[in-house]
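Engineer: So here's upload08.txt (compact mmCIF, C-alpha atoms).
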```txt
# COMPACT_ATOMS: atom_id res chain seq x y z
CA MET A 1 -79.00 -214.71 48.16
CA ASP A 2 -76.54 -211.89 48.72
CA LEU A 3 -76.32 -210.17 45.32
CA HIS A 4 -73.36 -208.09 44.18
CA SER A 5 -72.39 -206.36 40.93
CA ASN A 6 -70.89 -209.46 39.26
CA ASN A 7 -71.71 -212.39 41.56
CA HIS A 8 -74.17 -213.62 44.17
CA VAL A 9 -73.82 -215.94 47.13
CA VAL A 10 -76.52 -218.61 47.41
CA ILE A 11 -77.24 -220.46 50.64
CA VAL A 12 -80.05 -222.98 51.12
CA ILE A 13 -81.05 -224.01 54.65
CA ASP A 14 -83.55 -226.52 56.02
CA GLU A 15 -86.14 -226.06 58.79
CA THR A 16 -83.42 -226.45 61.45
CA ASP A 17 -81.05 -223.84 59.92
CA LYS A 18 -78.78 -226.57 58.59
CA ARG A 19 -76.95 -225.46 55.44
CA GLU A 20 -77.92 -227.71 52.53
CA PHE A 21 -76.08 -225.71 49.87
CA GLU A 22 -73.73 -222.73 49.69
CA LYS A 23 -71.82 -221.34 46.75
CA ARG A 24 -70.77 -218.10 45.09
CA LEU A 25 -72.10 -217.88 41.53
CA GLY A 26 -71.54 -215.52 38.64
CA ASN A 27 -74.47 -213.30 37.71
CA ASP A 28 -75.98 -215.68 35.20
CA LEU A 29 -79.57 -216.81 35.75
CA SER A 30 -78.90 -220.25 34.29
CA LEU A 31 -76.32 -220.89 37.03
CA THR A 32 -78.81 -219.85 39.70
CA LEU A 33 -81.57 -222.06 38.33
CA LYS A 34 -79.22 -225.03 38.12
CA ALA A 35 -78.11 -224.54 41.74
CA LEU A 36 -81.71 -224.33 43.01
CA SER A 37 -83.16 -227.12 40.89
CA PRO A 38 -82.55 -229.96 43.44
CA TYR A 39 -84.59 -228.03 46.04
CA ARG A 40 -87.33 -226.62 43.81
CA GLU A 41 -90.16 -228.87 44.98
CA THR A 42 -89.69 -228.17 48.70
CA MET A 43 -88.31 -224.63 48.67
CA GLN A 44 -90.58 -222.25 50.60
CA GLY A 45 -89.08 -218.98 49.40
CA VAL A 46 -86.07 -217.10 48.10
CA ALA A 47 -84.76 -213.90 49.69
CA VAL A 48 -82.60 -211.59 47.60
CA LYS A 49 -80.50 -208.82 49.10
CA SER A 50 -79.31 -206.19 46.67
CA THR A 51 -78.70 -202.47 46.46
CA PHE A 52 -79.26 -201.69 42.78
CA ASN A 53 -79.15 -204.63 40.34
CA TRP A 54 -81.88 -207.01 41.44
CA TYR A 55 -84.27 -206.80 38.46
CA TRP A 56 -82.79 -209.61 36.36
CA LEU A 57 -82.51 -212.07 39.25
CA VAL A 58 -85.88 -211.44 40.89
CA ASP A 59 -87.75 -211.35 37.57
CA GLY A 60 -86.00 -214.46 36.30
CA LEU A 61 -86.73 -216.51 39.41
CA GLN A 62 -90.34 -215.33 39.57
CA GLU A 63 -90.85 -216.34 35.95
CA HIS A 64 -89.67 -219.83 36.90
CA GLY A 65 -92.19 -220.07 39.74
CA TYR A 66 -90.09 -219.23 42.79
CA ASN A 67 -91.59 -217.27 45.71
CA LEU A 68 -89.41 -214.17 45.94
CA GLN A 69 -88.80 -211.75 48.79
CA LEU A 70 -86.76 -208.60 48.19
CA VAL A 71 -84.82 -207.69 51.32
CA ASN A 72 -85.13 -204.23 52.84
CA THR A 73 -81.38 -203.75 53.23
CA ALA A 74 -81.67 -200.75 55.56
CA ALA A 75 -84.16 -202.41 57.89
CA VAL A 76 -82.24 -205.66 58.21
CA ASN A 77 -79.42 -203.76 59.91
CA GLN A 78 -81.41 -203.81 63.13
CA TYR A 79 -80.42 -207.48 63.41
CA ASP A 80 -76.69 -206.77 63.19
CA GLY A 81 -76.13 -208.26 66.60
CA LEU A 82 -77.19 -211.69 65.35
CA LYS A 83 -74.80 -211.99 62.44
CA TYR A 84 -71.17 -212.11 61.48
CA SER A 85 -69.48 -210.29 58.64
CA GLY A 86 -68.94 -211.78 55.21
CA ASP A 87 -71.10 -212.62 52.21
CA TYR A 88 -71.76 -216.23 53.22
CA HIS A 89 -72.81 -215.20 56.72
CA ASP A 90 -75.00 -212.45 55.24
CA ALA A 91 -76.77 -214.86 52.91
CA PHE A 92 -77.28 -217.38 55.71
CA HIS A 93 -78.64 -214.63 57.96
CA LEU A 94 -81.28 -213.70 55.36
CA ALA A 95 -82.48 -217.31 55.17
CA HIS A 96 -82.40 -217.53 58.97
CA LEU A 97 -84.69 -214.48 59.27
CA MET A 98 -86.97 -215.59 56.43
CA ARG A 99 -87.67 -219.00 57.99
CA PRO A 100 -89.66 -217.66 61.02
CA GLY A 101 -91.13 -214.80 58.95
CA ILE A 102 -89.23 -211.86 60.46
CA LEU A 103 -87.23 -210.83 57.38
CA PRO A 104 -87.76 -207.12 56.54
CA THR A 105 -88.82 -206.94 52.90
CA GLU A 106 -89.49 -204.36 50.21
CA TYR A 107 -92.23 -204.08 47.59
CA ILE A 108 -91.38 -205.79 44.31
CA TYR A 109 -92.68 -203.30 41.77
CA PRO A 110 -94.46 -205.10 38.88
CA LYS A 111 -92.17 -205.68 35.93
CA ALA A 112 -94.74 -204.50 33.35
CA GLN A 113 -94.59 -200.84 34.43
CA ARG A 114 -91.16 -200.76 36.05
CA ALA A 115 -89.39 -199.72 32.85
CA ILE A 116 -91.77 -196.78 32.37
CA ARG A 117 -91.27 -195.69 35.97
CA ASP A 118 -87.50 -195.83 35.44
CA LEU A 119 -87.91 -193.90 32.18
CA LEU A 120 -89.51 -191.05 34.14
CA ARG A 121 -86.72 -191.26 36.69
CA ARG A 122 -84.30 -190.76 33.80
CA ARG A 123 -86.40 -187.80 32.70
CA LEU A 124 -86.08 -186.28 36.17
CA SER A 125 -82.31 -186.68 36.03
CA LEU A 126 -82.24 -184.93 32.64
CA VAL A 127 -84.46 -182.11 33.92
CA ARG A 128 -81.90 -181.45 36.64
CA SER A 129 -79.10 -181.46 34.08
CA ALA A 130 -80.99 -179.07 31.82
CA SER A 131 -81.69 -176.74 34.72
CA ALA A 132 -78.02 -176.79 35.68
CA GLN A 133 -77.07 -175.68 32.15
CA LEU A 134 -79.51 -172.76 32.22
CA ILE A 135 -78.40 -171.62 35.66
CA SER A 136 -74.76 -171.80 34.60
CA VAL A 137 -75.40 -169.72 31.46
CA GLN A 138 -77.49 -167.24 33.39
CA SER A 139 -74.74 -166.82 35.99
CA GLN A 140 -72.03 -166.39 33.35
CA ILE A 141 -73.94 -163.60 31.58
CA TRP A 142 -74.70 -161.92 34.88
CA ARG A 143 -71.06 -162.20 35.93
CA SER A 144 -69.65 -160.98 32.61
CA ALA A 145 -72.09 -158.25 31.58
CA GLY A 146 -73.91 -157.39 34.78
CA ILE A 147 -77.21 -158.34 33.18
CA ARG A 148 -79.63 -160.80 34.70
CA ILE A 149 -81.58 -162.57 31.98
CA LYS A 150 -84.61 -164.68 32.84
CA SER A 151 -84.41 -168.37 32.06
CA GLU A 152 -87.57 -167.98 29.98
CA THR A 153 -85.68 -165.61 27.69
CA LEU A 154 -82.66 -167.91 27.47
CA ARG A 155 -84.88 -170.78 26.33
CA LYS A 156 -86.15 -168.88 23.28
CA PRO A 157 -84.63 -170.07 19.97
CA ASP A 158 -83.92 -166.49 18.86
CA PHE A 159 -81.94 -165.50 21.96
CA LYS A 160 -78.91 -163.38 20.93
CA THR A 161 -75.57 -162.88 22.69
CA ALA A 162 -74.79 -159.53 21.06
CA LEU A 163 -74.34 -157.82 24.43
CA LEU A 164 -71.44 -160.12 25.27
CA ASN A 165 -67.86 -159.99 24.06
CA GLY A 166 -64.71 -162.09 23.86
CA TYR A 167 -65.17 -165.81 24.27
CA THR A 168 -68.24 -165.44 26.48
CA PRO A 169 -70.77 -165.79 23.62
CA GLN A 170 -69.19 -169.10 22.58
CA ALA A 171 -69.38 -170.42 26.13
CA VAL A 172 -72.97 -169.27 26.48
CA ASN A 173 -73.99 -170.82 23.15
CA ALA A 174 -72.33 -174.10 24.12
CA GLY A 175 -74.39 -174.23 27.30
CA LEU A 176 -77.61 -173.38 25.45
CA THR A 177 -76.89 -176.02 22.80
CA VAL A 178 -76.44 -178.68 25.46
CA TYR A 179 -79.66 -177.49 27.10
CA ALA A 180 -81.56 -177.80 23.81
CA VAL A 181 -80.28 -181.33 23.21
CA ILE A 182 -81.26 -182.43 26.72
CA GLN A 183 -84.68 -180.82 26.33
CA ARG A 184 -85.33 -182.79 23.14
CA GLU A 185 -84.60 -186.01 25.00
CA ILE A 186 -86.88 -184.96 27.84
CA ASN A 187 -89.71 -184.33 25.39
CA ALA A 188 -89.17 -187.74 23.77
CA LEU A 189 -89.24 -189.52 27.13
CA GLU A 190 -92.44 -187.75 28.11
CA GLN A 191 -94.17 -188.73 24.87
CA SER A 192 -93.16 -192.36 25.33
CA ALA A 193 -94.49 -192.36 28.88
CA TYR A 194 -97.83 -190.88 27.82
CA GLN A 195 -98.22 -193.51 25.11
CA ALA A 196 -97.22 -196.44 27.30
CA VAL A 197 -99.29 -195.82 30.41
CA LYS A 198 -103.03 -196.22 30.69
CA LEU A 199 -104.21 -193.25 32.74
CA THR A 200 -106.38 -194.35 35.64
CA LYS A 201 -108.86 -192.68 37.97
CA ASP A 202 -105.96 -192.20 40.39
CA PHE A 203 -104.26 -190.00 37.79
CA GLU A 204 -107.32 -187.76 37.49
CA ILE A 205 -107.42 -187.38 41.28
CA LEU A 206 -103.72 -186.46 41.39
CA GLN A 207 -104.29 -183.64 38.91
CA THR A 208 -106.75 -181.99 41.28
CA ILE A 209 -103.78 -181.15 43.53
CA ARG A 210 -102.56 -177.60 43.07
CA GLY A 211 -99.27 -177.59 41.17
CA VAL A 212 -99.54 -181.18 39.92
CA GLY A 213 -99.72 -181.27 36.13
CA LYS A 214 -99.77 -184.12 33.68
CA ILE A 215 -96.12 -185.18 33.88
CA LEU A 216 -95.85 -184.82 37.67
CA GLY A 217 -99.13 -186.66 38.14
CA LEU A 218 -97.86 -189.48 35.93
CA THR A 219 -94.60 -189.61 37.89
CA ILE A 220 -96.40 -189.83 41.24
CA MET A 221 -98.79 -192.48 39.92
CA LEU A 222 -95.96 -194.68 38.68
CA GLU A 223 -93.82 -194.23 41.79
CA ALA A 224 -96.74 -195.12 44.07
CA GLY A 225 -97.89 -198.14 42.10
CA ASP A 226 -100.89 -199.88 43.63
CA ILE A 227 -102.06 -197.40 46.28
CA HIS A 228 -103.75 -200.23 48.21
CA ARG A 229 -100.33 -201.56 49.23
CA PHE A 230 -100.20 -198.69 51.76
CA THR A 231 -102.27 -199.40 54.85
CA SER A 232 -102.74 -195.72 55.68
CA ALA A 233 -101.93 -192.19 54.50
CA GLY A 234 -99.12 -192.13 57.04
CA ASN A 235 -97.47 -195.18 55.50
CA PHE A 236 -97.65 -193.55 52.07
CA ALA A 237 -96.16 -190.29 53.36
CA SER A 238 -93.29 -192.21 54.97
```
Go through the file and emit its structure as structure tokens.

Structural biologist:
Amino acid sequence: MDLHSNNHVVIVIDETDKREFEKRLGNDLSLTLKALSPYRETMQGVAVKSTFNWYWLVDGLQEHGYNLQLVNTAAVNQYDGLKYSGDYHDAFHLAHLMRPGILPTEYIYPKAQRAIRDLLRRRLSLVRSASAQLISVQSQIWRSAGIRIKSETLRKPDFKTALLNGYTPQAVNAGLTVYAVIQREINALEQSAYQAVKLTKDFEILQTIRGVGKILGLTIMLEAGDIHRFTSAGNFAS
């Protein structure tokens, strides 16, 4: 299956690479299940190629008993010389590589903890946004008044803009207000993550690393998943 933002191309082949079925479907799981139903008893596996929106399709098919493989899109490019361009050719090529077992695949992160991992990814995005607001305010004060104020001072609720004039205080307060709103959301996401995840022995080990606190340790633990899926430290580092 070659999955796109609003449709996916499905191609079913037999053991001789003969095409048994090919069709472009809308992104509706019921359509996919209906298309695959005639081949369900003999189908050996399903390969899905996607860049960002694979959760619903992979989860849905797994829940209905299909053997799923998530394609490593970057790695499959090494076989460019074997394929033509176009969605139907791409989908056929995935099945062609899967049949002899040479299809490059990715780890399908367990659904149960995937949402919490993505929640912490959202937190990281908000942390960057909050930092950008503070840096912008800090630069504006420095530029306008020649005073460099530490971010720690800017974060205090009682910070005053009395040294500034004109419209600069309004601009500074706007930035600090946005920062405060983002920070509240960050705190809420962190609390949800702490409540949702059962902290394991791996988490305790992570916190023995200098500079790794509770939230960073939790982030690393969720991004890594089952550490045993890495055959060596080098594989994990990569």

Engineer: Which of these, A:Val178, A:Ala171, A:Val127, A:Ile108, has the shortest distance to Arg229 in chain A once you count only C-alpha atoms?

Structural biologist: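 Result for the nearest residue to Arg229 in chain A: A:Ile108.
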
Engineer: Have a look at CA of Tyr107 in chain A and CA of Phe203 in chain A and let me know their distance in Å, one decimal.

Structural biologist: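 CA of Phe203 in chain A lies at a distance of 21.0 Å from CA of Tyr107 in chain A.
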
Engineer: Please list as a list of chain:residue names every residue within 10 Å of Asp17 in chain A, counting only C-alpha atoms and excluding residues in the same chain fewer than 3 positions away.

Structural biologist: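 Result of the neighbour search: A:Val12, A:Ile13, A:Asp14, A:Glu20, A:Phe92, A:His93, A:Ala95, A:His96, A:Arg99.
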
Engineer: Would you pick out the contacts of Ser192 in chain A at 12 Å or less, using only C-alpha atoms, so that residues sharing its chain but fewer than 4 positions from it are not included, and give the list as a PyMOL selection string?

Structural biologist: chain A and resi 115-117+119-120+123+185-188+196-198+215+218

Engineer: Looking at A:Asp226, A:Asp28, A:Asp2, A:Asp118, which one is nearest to Gly86 in chain A, with distances taken over all atoms listed in the file?

Structural biologist: A:Asp2

Engineer: Could you jot down the CA of Ala145 in chain A to CA of Gln170 in chain A separation for me, Å, one decimal place?

Structural biologist: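 Atom-to-atom, CA of Ala145 in chain A and CA of Gln170 in chain A are spaced 14.4 Å apart.
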
Engineer: When you count all atoms listed in the file, which of these residues is closest to Ser151 in chain A: A:Gln113, A:Ser37, A:Thr168, A:Gln133?

Structural biologist: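 Ranking A:Gln113, A:Ser37, A:Thr168, A:Gln133 by distance to Ser151 in chain A, first place goes to A:Gln133.
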
Engineer: So for range 134-144 of chain A, what box centre and size do we get, axis-aligned, 6 Å extra on each of the six sides, every listed atom, Å to one decimal, as lines of an AutoDock Vina configuration file?

Structural biologist:
```
center_x = -74.6
center_y = -166.9
center_z = 33.7
size_x = 21.9
size_y = 23.8
size_z = 16.5
```

Engineer: Between A:Arg24, A:Arg184, A:Lys160, A:Arg122, which residue has the minimum interatomic distance to Val10 in chain A, considering all atoms listed in the file?

Structural biologist: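 Closest residue, counting all atoms listed in the file: A:Arg24.
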